[in-house]
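Enquirer: Input: one structure, supplied below.
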Amino acid sequence: MKRLEHPRLVLGESARWLPAQGRFAWMDLMERRLFFAAPDGGSIESVAVDAPGPLGALLATGEPERALLTCATGLASLDLSSGAHTPVMPFETGREGMYLNDAGVDAQGRIWLGSYHVDEAGPFGVLYCCNLRTGTQSIADSGFIVPNGPAVSADGKTLFFSSSFERTVLAYDIDPAADRLVRRRVHIRFDEKDGLPDGLACDAEGCLWVAHWEGACVTRHAPDGAEISRLSLPTPLVTSVAFGGEDMRSLLITTASVTLDDDALASDPDAGSVFIARVESPGAETFEAAL
C-alpha cells in the first residue's frame with residue numbers, strides 16, 4: 001500500500017475514478033479543495049472548489065472537464081479545471097440545517113444522493129433519486145442520521161447504502177424503468193469495534209468494499225454480506241474507496257483528521273492521508289451521470 005505525498009486533509013472524501021480523464025480524484029470537504037492523481041498516485045494536482053460548503057460528493061460525467069458536485073445549495077456542475085460551479089438542481093429547500101452528503105450513479109445515469117442535518121440531530125436524512133434527463137427528483141427512502149456511500153453493483157441491479165450511525169449497510173433492488181428502489185434489506189450489520197460504515201465501492205466479482213470510519217480498515221464482503229477480507233489502515237478515520245487504473249485493480253482510499261485532537265494528530269502522521277493499494281479483484285465499471 002502506498003501513501004500519497006500531499007498535505008494532510010481535514011476531511012478527505014469522495015474518492016472517484018474519472019474515466020474520461022484517466023485519473024483519480026478526491027476532495028477535502030472542509031477545505032473545499034479537489035485533488036487529482038495518476039493511477040499510480042503520482043502527478044498530484046489540486047484546485048480550489050468555488051462552491052458553498054460543506055461539500056458532499058463528486059460524480060463523474062462523460063465530459064473530461066466536467067463533473068457533478070453536491071454542495072450546500074444542492075447539485076451543481078463543476079468545471080474540473082477552474083473549480084467553478086454552476087447550480088443544476090436545488091435540494092432540501094425549506095428544511096433548515098439540511099445538507100447533501102454522499103452520492104452515487106446507477107447504470108441508467110441516475111444520481112442517488114443522501115442528505116443529513118448539520119448537527120446530526122436525528123433521523124432527518126433522505127435518500128433521493130435525481131434524474132437529470134427528466135429534470136426530476138424523488139424520495140427513495142428516509143429516516144437516516146448520516147447517509148453515506150451509495151454504490152451500485154457491477155450488474156447495475158443493486159444499490160448499496162450506508163446508514164452510518166446504525167452501523168448498517170442497506171441493499172435495495174433498483175427499478176430500471178422508474179426512479180425508485182424496492183426490496184429494502186439489511187446487507188451488513190457491523191459491531192461497535194468495526195466503527196461506522198462510510199464510503200462504498202463494488203468490484204467486478206459482485207463483492208462490496210466498505211470504508212470504516214473509526215475502524216481503521218477497509219473490508220470486502222461477499223454477495224451475501226459475509227466478510228471476506230480486511231485491509232488495515234494506519235489511521236482510524238477511513239472515509240471512502242474507489243477502484244481505478246487501466247485494469248481497475250488500484251484502490252484509492254481517503255482518510256480524515258477532522259475529529260482528532262492535537263495529541264492524536266501529533267501521534268498519527270497518517271491521519272488525513274490518501275493511500276493506493278493494489279488488489280486482486282478489479283473494480284466494477286464506473287457509471288457516469290447522464291446530463
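Just so we're on the same page: first chain in the C-alpha cells is A, next is B, and so on; residues restart at 1 for each chain, and ligands are numbered from 1 in the order they show up.
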Any idea what's packed within 12 Å of segment 261-265 of chain A, counting only C-alpha atoms, ignoring anything in its chain fewer than 3 positions away? Could you give it as a list in words?
Expert: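 After dropping sequence-adjacent residues, the list is Arg8, Leu9, Val10, Thr235, Pro236, Leu237, Ala256, Ser257, Val258, Asp268, Pro269, Asp270, Ala271, Gly272 and Ser273 of chain A.
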Enquirer: Determine, counting only C-alpha atoms, which protein, DNA and RNA residues have an atom within 7 Å of an atom of segment 152-161 of chain A; residues of the same chain fewer than 3 positions away are not included. Present the result as a PyMOL selection string.
Expert: chain A and resi 106-107+148-149+169-174+202-204+206+284-285
Enquirer: Please compute the atom CA of Leu196 of chain A-atom CA of Val238 of chain A distance, one decimal, in Å.
Expert: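 A separation of 9.4 Å between them.
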Enquirer: Could you write out, as an NGL selection string, all the residues of segment 77-290 of chain A that DSSP marks as strand (DSSP E or B)?
Expert: :A and (77-79 or 84-89 or 98-105 or 111-117 or 125-131 or 136-144 or 147-152 or 158-163 or 168-174 or 181-189 or 196-203 or 208-213 or 217-221 or 227-232 or 237-244 or 250-256 or 274-278 or 283 or 289)
Enquirer: Please report the interatomic distance between atom CA of Ala222 of chain A and atom CA of Gly283 of chain A in Å with one decimal.
Expert: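 Computed distance, atom CA of Ala222 of chain A to atom CA of Gly283 of chain A, equals 13.9 Å.
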Enquirer: Check the smallest atom-to-atom distance from each of A:Ala178, A:Ala57, A:Ile145, A:Val279 to Ser250 of chain A using only C-alpha atoms, then report the winner.
Expert: A:Val279
Enquirer: Using DSSP assignments from the backbone, pull out every residue in segment 164-204 of chain A that falls under helix (DSSP H, G or I) and give it to me as JSON, numbers by chain.
Expert: {"A": [164, 165, 166, 192, 193, 194]}
Enquirer: Mind giving me the straight-line distance from atom CA of Arg66 of chain A to atom CA of Pro147 of chain A in Å, one decimal?
Expert: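 Computed distance, atom CA of Arg66 of chain A to atom CA of Pro147 of chain A, equals 25.1 Å.
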